[in-house]
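S.K.: Here you go, this is my_file-v4.cif (mmCIF, N, CA and C atoms).
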data_input
loop_
_atom_site.label_atom_id
_atom_site.label_comp_id
_atom_site.auth_asym_id
_atom_site.auth_seq_id
_atom_site.Cartn_x
_atom_site.Cartn_y
_atom_site.Cartn_z
N MET A 26 -16.62 -4.82 -4.83
CA MET A 26 -15.22 -4.69 -4.46
C MET A 26 -15.13 -4.02 -3.10
N HIS A 27 -14.27 -4.55 -2.23
CA HIS A 27 -14.08 -3.99 -0.91
C HIS A 27 -13.14 -2.79 -0.97
N LYS A 28 -13.48 -1.76 -0.21
CA LYS A 28 -12.61 -0.60 -0.12
C LYS A 28 -11.42 -0.95 0.79
N PRO A 29 -10.26 -0.39 0.49
CA PRO A 29 -9.08 -0.68 1.29
C PRO A 29 -9.15 -0.07 2.70
N THR A 30 -8.44 -0.71 3.61
CA THR A 30 -8.32 -0.24 4.98
C THR A 30 -6.86 0.10 5.26
N ILE A 31 -6.64 1.26 5.83
CA ILE A 31 -5.30 1.69 6.20
C ILE A 31 -5.12 1.46 7.69
N THR A 32 -3.96 0.97 8.06
CA THR A 32 -3.61 0.80 9.47
C THR A 32 -2.36 1.63 9.76
N ILE A 33 -2.45 2.41 10.82
CA ILE A 33 -1.29 3.16 11.29
C ILE A 33 -0.92 2.58 12.65
N GLU A 34 0.19 1.88 12.69
CA GLU A 34 0.69 1.30 13.93
C GLU A 34 1.72 2.26 14.51
N TYR A 35 1.50 2.73 15.71
CA TYR A 35 2.34 3.76 16.30
C TYR A 35 2.78 3.35 17.71
N CYS A 36 3.86 3.94 18.16
CA CYS A 36 4.38 3.67 19.50
C CYS A 36 3.73 4.63 20.50
N PRO A 37 2.87 4.12 21.39
CA PRO A 37 2.21 5.00 22.35
C PRO A 37 3.19 5.56 23.38
N LYS A 38 4.24 4.81 23.70
CA LYS A 38 5.23 5.27 24.68
C LYS A 38 6.05 6.44 24.15
N CYS A 39 6.12 6.56 22.83
CA CYS A 39 6.85 7.66 22.19
C CYS A 39 5.98 8.91 22.05
N GLY A 40 4.68 8.76 22.34
CA GLY A 40 3.76 9.89 22.23
C GLY A 40 3.33 10.20 20.81
N TRP A 41 3.25 9.17 19.98
CA TRP A 41 2.94 9.39 18.56
C TRP A 41 1.48 9.19 18.21
N MET A 42 0.60 9.08 19.20
CA MET A 42 -0.82 8.90 18.91
C MET A 42 -1.41 10.11 18.19
N LEU A 43 -1.06 11.32 18.62
CA LEU A 43 -1.61 12.51 17.96
C LEU A 43 -1.14 12.63 16.51
N ARG A 44 0.11 12.27 16.26
CA ARG A 44 0.62 12.27 14.88
C ARG A 44 -0.17 11.28 14.03
N ALA A 45 -0.42 10.09 14.58
CA ALA A 45 -1.18 9.06 13.86
C ALA A 45 -2.61 9.53 13.61
N ALA A 46 -3.22 10.17 14.61
CA ALA A 46 -4.60 10.66 14.46
C ALA A 46 -4.67 11.76 13.40
N TYR A 47 -3.67 12.64 13.38
CA TYR A 47 -3.63 13.70 12.38
C TYR A 47 -3.53 13.10 10.97
N MET A 48 -2.64 12.12 10.81
CA MET A 48 -2.48 11.50 9.49
C MET A 48 -3.74 10.76 9.08
N ALA A 49 -4.40 10.11 10.04
CA ALA A 49 -5.66 9.43 9.74
C ALA A 49 -6.71 10.43 9.26
N GLN A 50 -6.80 11.56 9.94
CA GLN A 50 -7.76 12.61 9.55
C GLN A 50 -7.47 13.11 8.14
N GLU A 51 -6.23 13.35 7.84
CA GLU A 51 -5.85 13.82 6.50
C GLU A 51 -6.21 12.80 5.42
N LEU A 52 -5.92 11.53 5.70
CA LEU A 52 -6.23 10.49 4.72
C LEU A 52 -7.73 10.31 4.53
N LEU A 53 -8.48 10.35 5.62
CA LEU A 53 -9.93 10.19 5.51
C LEU A 53 -10.58 11.36 4.79
N SER A 54 -10.06 12.55 4.97
CA SER A 54 -10.65 13.71 4.28
C SER A 54 -10.26 13.73 2.80
N THR A 55 -9.07 13.23 2.47
CA THR A 55 -8.63 13.21 1.08
C THR A 55 -9.24 12.06 0.29
N PHE A 56 -9.40 10.90 0.95
CA PHE A 56 -9.88 9.69 0.28
C PHE A 56 -11.23 9.24 0.84
N THR A 57 -12.14 10.18 1.00
CA THR A 57 -13.46 9.93 1.60
C THR A 57 -14.19 8.77 0.94
N ASP A 58 -14.22 8.75 -0.37
CA ASP A 58 -14.98 7.74 -1.10
C ASP A 58 -14.18 6.46 -1.39
N GLU A 59 -12.86 6.53 -1.23
CA GLU A 59 -12.02 5.40 -1.63
C GLU A 59 -11.66 4.44 -0.49
N LEU A 60 -11.79 4.88 0.76
CA LEU A 60 -11.33 4.07 1.90
C LEU A 60 -12.47 3.50 2.72
N HIS A 61 -12.27 2.30 3.24
CA HIS A 61 -13.19 1.71 4.21
C HIS A 61 -12.98 2.36 5.57
N GLY A 62 -11.71 2.64 5.90
CA GLY A 62 -11.40 3.29 7.17
C GLY A 62 -9.91 3.33 7.42
N VAL A 63 -9.57 4.01 8.51
CA VAL A 63 -8.18 4.06 8.98
C VAL A 63 -8.18 3.62 10.43
N PHE A 64 -7.40 2.61 10.72
CA PHE A 64 -7.30 2.10 12.09
C PHE A 64 -6.01 2.56 12.73
N LEU A 65 -6.10 3.02 13.96
CA LEU A 65 -4.92 3.37 14.74
C LEU A 65 -4.65 2.22 15.70
N VAL A 66 -3.45 1.69 15.64
CA VAL A 66 -3.11 0.51 16.44
C VAL A 66 -1.88 0.82 17.29
N PRO A 67 -2.04 0.84 18.62
CA PRO A 67 -0.86 1.02 19.47
C PRO A 67 0.06 -0.19 19.36
N SER A 68 1.32 0.08 19.09
CA SER A 68 2.29 -1.00 18.90
C SER A 68 2.89 -1.42 20.23
N GLU A 69 3.28 -2.67 20.30
CA GLU A 69 4.00 -3.16 21.47
C GLU A 69 5.50 -3.08 21.25
N THR A 70 5.90 -2.64 20.05
CA THR A 70 7.30 -2.49 19.70
C THR A 70 7.69 -1.02 19.81
N GLY A 71 8.65 -0.73 20.65
CA GLY A 71 9.10 0.65 20.84
C GLY A 71 9.60 1.28 19.56
N GLY A 72 9.23 2.53 19.34
CA GLY A 72 9.68 3.28 18.17
C GLY A 72 9.00 2.92 16.88
N SER A 73 7.97 2.10 16.94
CA SER A 73 7.29 1.64 15.74
C SER A 73 6.33 2.71 15.19
N TYR A 74 6.37 2.91 13.89
CA TYR A 74 5.41 3.76 13.18
C TYR A 74 5.32 3.21 11.77
N ILE A 75 4.34 2.33 11.56
CA ILE A 75 4.21 1.62 10.29
C ILE A 75 2.83 1.89 9.70
N ILE A 76 2.82 2.24 8.44
CA ILE A 76 1.56 2.49 7.73
C ILE A 76 1.39 1.40 6.68
N SER A 77 0.23 0.74 6.71
CA SER A 77 -0.04 -0.32 5.74
C SER A 77 -1.43 -0.16 5.16
N ILE A 78 -1.60 -0.73 3.97
CA ILE A 78 -2.89 -0.75 3.29
C ILE A 78 -3.24 -2.21 3.07
N ASN A 79 -4.35 -2.63 3.65
CA ASN A 79 -4.77 -4.04 3.59
C ASN A 79 -3.64 -5.00 3.96
N GLY A 80 -2.89 -4.63 4.98
CA GLY A 80 -1.82 -5.49 5.47
C GLY A 80 -0.49 -5.37 4.75
N LYS A 81 -0.44 -4.60 3.66
CA LYS A 81 0.81 -4.41 2.91
C LYS A 81 1.46 -3.10 3.34
N LYS A 82 2.68 -3.21 3.86
CA LYS A 82 3.38 -2.04 4.37
C LYS A 82 3.72 -1.07 3.24
N VAL A 83 3.39 0.22 3.46
CA VAL A 83 3.75 1.25 2.48
C VAL A 83 4.76 2.24 3.06
N PHE A 84 4.89 2.28 4.40
CA PHE A 84 5.87 3.17 5.02
C PHE A 84 6.23 2.65 6.40
N ASP A 85 7.53 2.64 6.69
CA ASP A 85 8.03 2.21 8.00
C ASP A 85 9.06 3.23 8.46
N ARG A 86 8.78 3.88 9.57
CA ARG A 86 9.67 4.92 10.09
C ARG A 86 11.07 4.38 10.35
N LYS A 87 11.18 3.19 10.88
CA LYS A 87 12.49 2.62 11.19
C LYS A 87 13.31 2.36 9.92
N GLU A 88 12.66 1.93 8.86
CA GLU A 88 13.36 1.67 7.59
C GLU A 88 13.81 2.97 6.93
N LYS A 89 12.94 3.97 6.99
CA LYS A 89 13.24 5.24 6.32
C LYS A 89 14.07 6.19 7.19
N GLY A 90 14.03 5.99 8.51
CA GLY A 90 14.76 6.87 9.42
C GLY A 90 14.07 8.21 9.64
N ARG A 91 12.78 8.26 9.33
CA ARG A 91 12.00 9.50 9.46
C ARG A 91 10.52 9.19 9.36
N PHE A 92 9.71 10.19 9.66
CA PHE A 92 8.27 10.08 9.46
C PHE A 92 7.94 10.52 8.04
N PRO A 93 6.82 10.05 7.48
CA PRO A 93 6.44 10.54 6.15
C PRO A 93 5.87 11.95 6.24
N GLU A 94 6.15 12.75 5.25
CA GLU A 94 5.46 14.03 5.10
C GLU A 94 4.03 13.69 4.67
N ILE A 95 3.06 14.49 5.08
CA ILE A 95 1.67 14.18 4.75
C ILE A 95 1.45 14.14 3.24
N LYS A 96 2.12 15.02 2.52
CA LYS A 96 2.02 15.04 1.05
C LYS A 96 2.53 13.71 0.47
N GLU A 97 3.66 13.25 0.98
CA GLU A 97 4.24 11.99 0.54
C GLU A 97 3.31 10.82 0.86
N LEU A 98 2.75 10.83 2.06
CA LEU A 98 1.85 9.75 2.46
C LEU A 98 0.61 9.70 1.57
N LYS A 99 0.03 10.85 1.29
CA LYS A 99 -1.14 10.89 0.41
C LYS A 99 -0.82 10.32 -0.97
N GLN A 100 0.38 10.59 -1.48
CA GLN A 100 0.77 10.06 -2.77
C GLN A 100 0.95 8.55 -2.72
N LEU A 101 1.56 8.05 -1.64
CA LEU A 101 1.73 6.60 -1.48
C LEU A 101 0.38 5.90 -1.43
N VAL A 102 -0.55 6.47 -0.68
CA VAL A 102 -1.88 5.89 -0.56
C VAL A 102 -2.62 5.99 -1.90
N ARG A 103 -2.56 7.13 -2.52
CA ARG A 103 -3.23 7.34 -3.82
C ARG A 103 -2.76 6.32 -4.84
N ASP A 104 -1.46 6.07 -4.89
CA ASP A 104 -0.91 5.15 -5.88
C ASP A 104 -1.47 3.74 -5.72
N VAL A 105 -1.94 3.40 -4.52
CA VAL A 105 -2.50 2.07 -4.27
C VAL A 105 -4.02 2.07 -4.41
N VAL A 106 -4.70 3.04 -3.78
CA VAL A 106 -6.16 2.97 -3.70
C VAL A 106 -6.89 3.66 -4.85
N SER A 107 -6.24 4.65 -5.48
CA SER A 107 -6.92 5.39 -6.55
C SER A 107 -5.89 6.09 -7.45
N PRO A 108 -5.15 5.30 -8.26
CA PRO A 108 -4.04 5.86 -9.04
C PRO A 108 -4.42 7.03 -9.95
N GLU A 109 -5.68 7.09 -10.36
CA GLU A 109 -6.10 8.16 -11.27
C GLU A 109 -6.46 9.46 -10.54
N LYS A 110 -6.53 9.43 -9.22
CA LYS A 110 -6.96 10.59 -8.44
C LYS A 110 -5.93 11.70 -8.48
N ASP A 111 -6.41 12.91 -8.73
CA ASP A 111 -5.57 14.11 -8.72
C ASP A 111 -5.56 14.67 -7.30
N LEU A 112 -4.38 14.86 -6.75
CA LEU A 112 -4.26 15.40 -5.39
C LEU A 112 -4.11 16.92 -5.37
N GLY A 113 -4.32 17.53 -6.52
CA GLY A 113 -4.27 18.99 -6.57
C GLY A 113 -2.87 19.54 -6.36
N HIS A 114 -2.76 20.61 -5.58
CA HIS A 114 -1.49 21.32 -5.41
C HIS A 114 -0.42 20.48 -4.72
N SER A 115 -0.81 19.45 -3.98
CA SER A 115 0.19 18.63 -3.28
C SER A 115 0.65 17.45 -4.11
N ASP A 116 0.21 17.38 -5.37
CA ASP A 116 0.54 16.24 -6.21
C ASP A 116 1.85 16.48 -6.95
N ILE A 117 2.64 15.43 -7.03
CA ILE A 117 3.84 15.45 -7.84
C ILE A 117 3.66 14.41 -8.93
N LYS A 118 3.65 14.83 -10.14
CA LYS A 118 3.49 13.91 -11.26
C LYS A 118 4.81 13.24 -11.55
N LYS A 119 4.77 11.93 -11.77
CA LYS A 119 5.97 11.16 -12.10
C LYS A 119 6.29 11.38 -13.57
N GLU A 120 7.57 11.56 -13.84
CA GLU A 120 8.03 11.75 -15.22
C GLU A 120 8.09 10.38 -15.90
N ASP A 121 7.70 10.32 -17.15
CA ASP A 121 7.79 9.07 -17.92
C ASP A 121 9.17 8.86 -18.46
#
Please rewrite the model in this file as structure tokens.

M.R.:
Amino acid sequence: MHKPTITIEYCPKCGWMLRAAYMAQELLSTFTDELHGVFLVPSETGGSYIISINGKKVFDRKEKGRFPEIKELKQLVRDVVSPEKDLGHSDIKKED
């Protein structure tokens, strides 16, 4: 089975490369064994900040009107790549 790849598409003109690099670092350290990698892709669309897993969008700044909190992003990624993984203190368990 192939490990998933995360892509963070960011607007370089907006200065969001460092934010994208920080989020990539957080995801790689949290999901060391579960991910193939995280790619940072400079967007040609102004204001773009889209996070996808294997091409499926999981977060879009323009749709949400904000950036994801790192805790929220880890939960979104976990739910796709490793649903059984415990994220420790930053985890929010869904109520049944």

S.K.: Taking the DSSP secondary structure from the backbone, can you list the residues of chain A that are alpha helix (DSSP H), as JSON, numbers by chain?

M.R.: {"A": [42, 43, 44, 45, 46, 47, 48, 49, 50, 51, 52, 53, 54, 55, 86, 87, 88, 89, 95, 96, 97, 98, 99, 100, 101, 102, 103, 104, 105, 106]}

S.K.: List as a list in words the protein and nucleic acid residues near stretch 96-105 of chain A, meaning an atom at most 9 Å away when only C-alpha atoms are counted, but skip any in the same chain fewer than 5 places from it.

M.R.: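 Contacts, with the query itself left out: Ile31, Met48, Glu51, Leu52, Thr55, Phe56, Ile76, Ile78, Val83, Phe84, Lys110, Asp111, Leu112, Ser115, Asp116 and Ile117 of chain A.
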
S.K.: Restricting the calculation to only N, CA and C atoms: of A:Glu109, A:Lys28, A:Leu65, A:Phe92, which residue gets closest to A:Ala45?

M.R.: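 Under the stated criterion, the closest residue is A:Leu65.
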
S.K.: So the first atom is atom CA of A:Tyr35 and the second is atom CA of A:Asn79; what is the distance between them in Å, to one decimal place?

M.R.: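 Pair atom CA of A:Tyr35 / atom CA of A:Asn79 returns 16.5 Å.
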
S.K.: I'd like the neighbourhood of A:Ser68 as a tab-separated table (two decimals) with N, CA and C atoms, in the coordinates of the input, where a residue qualifies if any of its atoms comes within 8 Å (using only N, CA and C atoms), though same-chain residues fewer than 3 positions away should be ignored.

M.R.:
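File around-v2.tsv, as written:
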chain	number	residue	atom	x	y	z
A	33	ILE	N	-2.45	2.41	10.82
A	33	ILE	CA	-1.29	3.16	11.29
A	33	ILE	C	-0.92	2.58	12.65
A	34	GLU	N	0.19	1.88	12.69
A	34	GLU	CA	0.69	1.30	13.93
A	34	GLU	C	1.72	2.26	14.51
A	35	TYR	N	1.50	2.73	15.71
A	35	TYR	CA	2.34	3.76	16.30
A	35	TYR	C	2.78	3.35	17.71
A	36	CYS	N	3.86	3.94	18.16
A	36	CYS	CA	4.38	3.67	19.50
A	36	CYS	C	3.73	4.63	20.50
A	37	PRO	N	2.87	4.12	21.39
A	37	PRO	CA	2.21	5.00	22.35
A	37	PRO	C	3.19	5.56	23.38
A	38	LYS	N	4.24	4.81	23.70
A	38	LYS	CA	5.23	5.27	24.68
A	38	LYS	C	6.05	6.44	24.15
A	65	LEU	N	-6.10	3.02	13.96
A	65	LEU	CA	-4.92	3.37	14.74
A	65	LEU	C	-4.65	2.22	15.70
A	71	GLY	N	8.65	-0.73	20.65
A	71	GLY	CA	9.10	0.65	20.84
A	71	GLY	C	9.60	1.28	19.56
A	72	GLY	N	9.23	2.53	19.34
A	72	GLY	CA	9.68	3.28	18.17
A	72	GLY	C	9.00	2.92	16.88
A	73	SER	N	7.97	2.10	16.94
A	73	SER	CA	7.29	1.64	15.74
A	73	SER	C	6.33	2.71	15.19
A	74	TYR	N	6.37	2.91	13.89
A	74	TYR	CA	5.41	3.76	13.18
A	74	TYR	C	5.32	3.21	11.77

S.K.: Which is closer to A:Gln50 than all the others in A:Pro93, A:Pro67, A:Gly113, A:Gly62, using only C-alpha atoms?

M.R.: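 Answer, going by the shortest atom-to-atom distance: A:Gly62.
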
S.K.: Expressed in Å to a single decimal, how great is the separation between atom N of A:Pro108 and atom C of A:Ala49?

M.R.: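 Spanning atom N of A:Pro108 to atom C of A:Ala49 is a straight-line distance of 18.3 Å.
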
S.K.: Would you compute the distance between atom CA of A:Ala46 and atom N of A:Arg86? Give it in Å to one decimal.

M.R.: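 The value is 15.8 Å.
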
S.K.: Save stretch 55-89 of chain A to a file: C-alpha atoms, as a PDB file, in the first residue's frame.

M.R.:
ATOM      1  CA  THR A  55       3.350  13.891  13.799  1.00  0.00           C
ATOM      2  CA  PHE A  56       2.821  11.392  10.959  1.00  0.00           C
ATOM      3  CA  THR A  57       6.397  10.151  10.465  1.00  0.00           C
ATOM      4  CA  ASP A  58       5.425   6.577   9.651  1.00  0.00           C
ATOM      5  CA  GLU A  59       2.135   7.301   7.885  1.00  0.00           C
ATOM      6  CA  LEU A  60       3.147   9.791   5.157  1.00  0.00           C
ATOM      7  CA  HIS A  61       5.147   9.483   1.955  1.00  0.00           C
ATOM      8  CA  GLY A  62       5.876  13.209   2.116  1.00  0.00           C
ATOM      9  CA  VAL A  63       4.611  16.765   2.119  1.00  0.00           C
ATOM     10  CA  PHE A  64       5.054  18.872  -0.993  1.00  0.00           C
ATOM     11  CA  LEU A  65       5.059  22.660  -0.949  1.00  0.00           C
ATOM     12  CA  VAL A  66       3.723  24.064  -4.202  1.00  0.00           C
ATOM     13  CA  PRO A  67       3.815  27.787  -5.014  1.00  0.00           C
ATOM     14  CA  SER A  68       0.436  28.712  -6.466  1.00  0.00           C
ATOM     15  CA  GLU A  69      -0.119  30.891  -9.491  1.00  0.00           C
ATOM     16  CA  THR A  70      -3.464  31.938  -7.995  1.00  0.00           C
ATOM     17  CA  GLY A  71      -3.277  34.898  -5.632  1.00  0.00           C
ATOM     18  CA  GLY A  72      -4.413  34.241  -2.070  1.00  0.00           C
ATOM     19  CA  SER A  73      -4.392  30.480  -2.537  1.00  0.00           C
ATOM     20  CA  TYR A  74      -3.709  28.191   0.433  1.00  0.00           C
ATOM     21  CA  ILE A  75      -5.023  24.694  -0.244  1.00  0.00           C
ATOM     22  CA  ILE A  76      -4.114  21.503   1.576  1.00  0.00           C
ATOM     23  CA  SER A  77      -4.825  18.182  -0.107  1.00  0.00           C
ATOM     24  CA  ILE A  78      -4.100  14.515   0.505  1.00  0.00           C
ATOM     25  CA  ASN A  79      -3.465  12.465  -2.641  1.00  0.00           C
ATOM     26  CA  GLY A  80      -5.153  15.183  -4.677  1.00  0.00           C
ATOM     27  CA  LYS A  81      -8.284  15.380  -2.493  1.00  0.00           C
ATOM     28  CA  LYS A  82      -8.762  18.803  -0.927  1.00  0.00           C
ATOM     29  CA  VAL A  83      -9.101  18.774   2.869  1.00  0.00           C
ATOM     30  CA  PHE A  84      -8.762  22.526   3.538  1.00  0.00           C
ATOM     31  CA  ASP A  85      -9.079  25.670   1.424  1.00  0.00           C
ATOM     32  CA  ARG A  86      -8.376  29.063   2.980  1.00  0.00           C
ATOM     33  CA  LYS A  87     -10.654  30.869   0.526  1.00  0.00           C
ATOM     34  CA  GLU A  88     -13.605  28.566   1.294  1.00  0.00           C
ATOM     35  CA  LYS A  89     -13.134  28.755   5.059  1.00  0.00           C
TER      36      LYS A  89
END
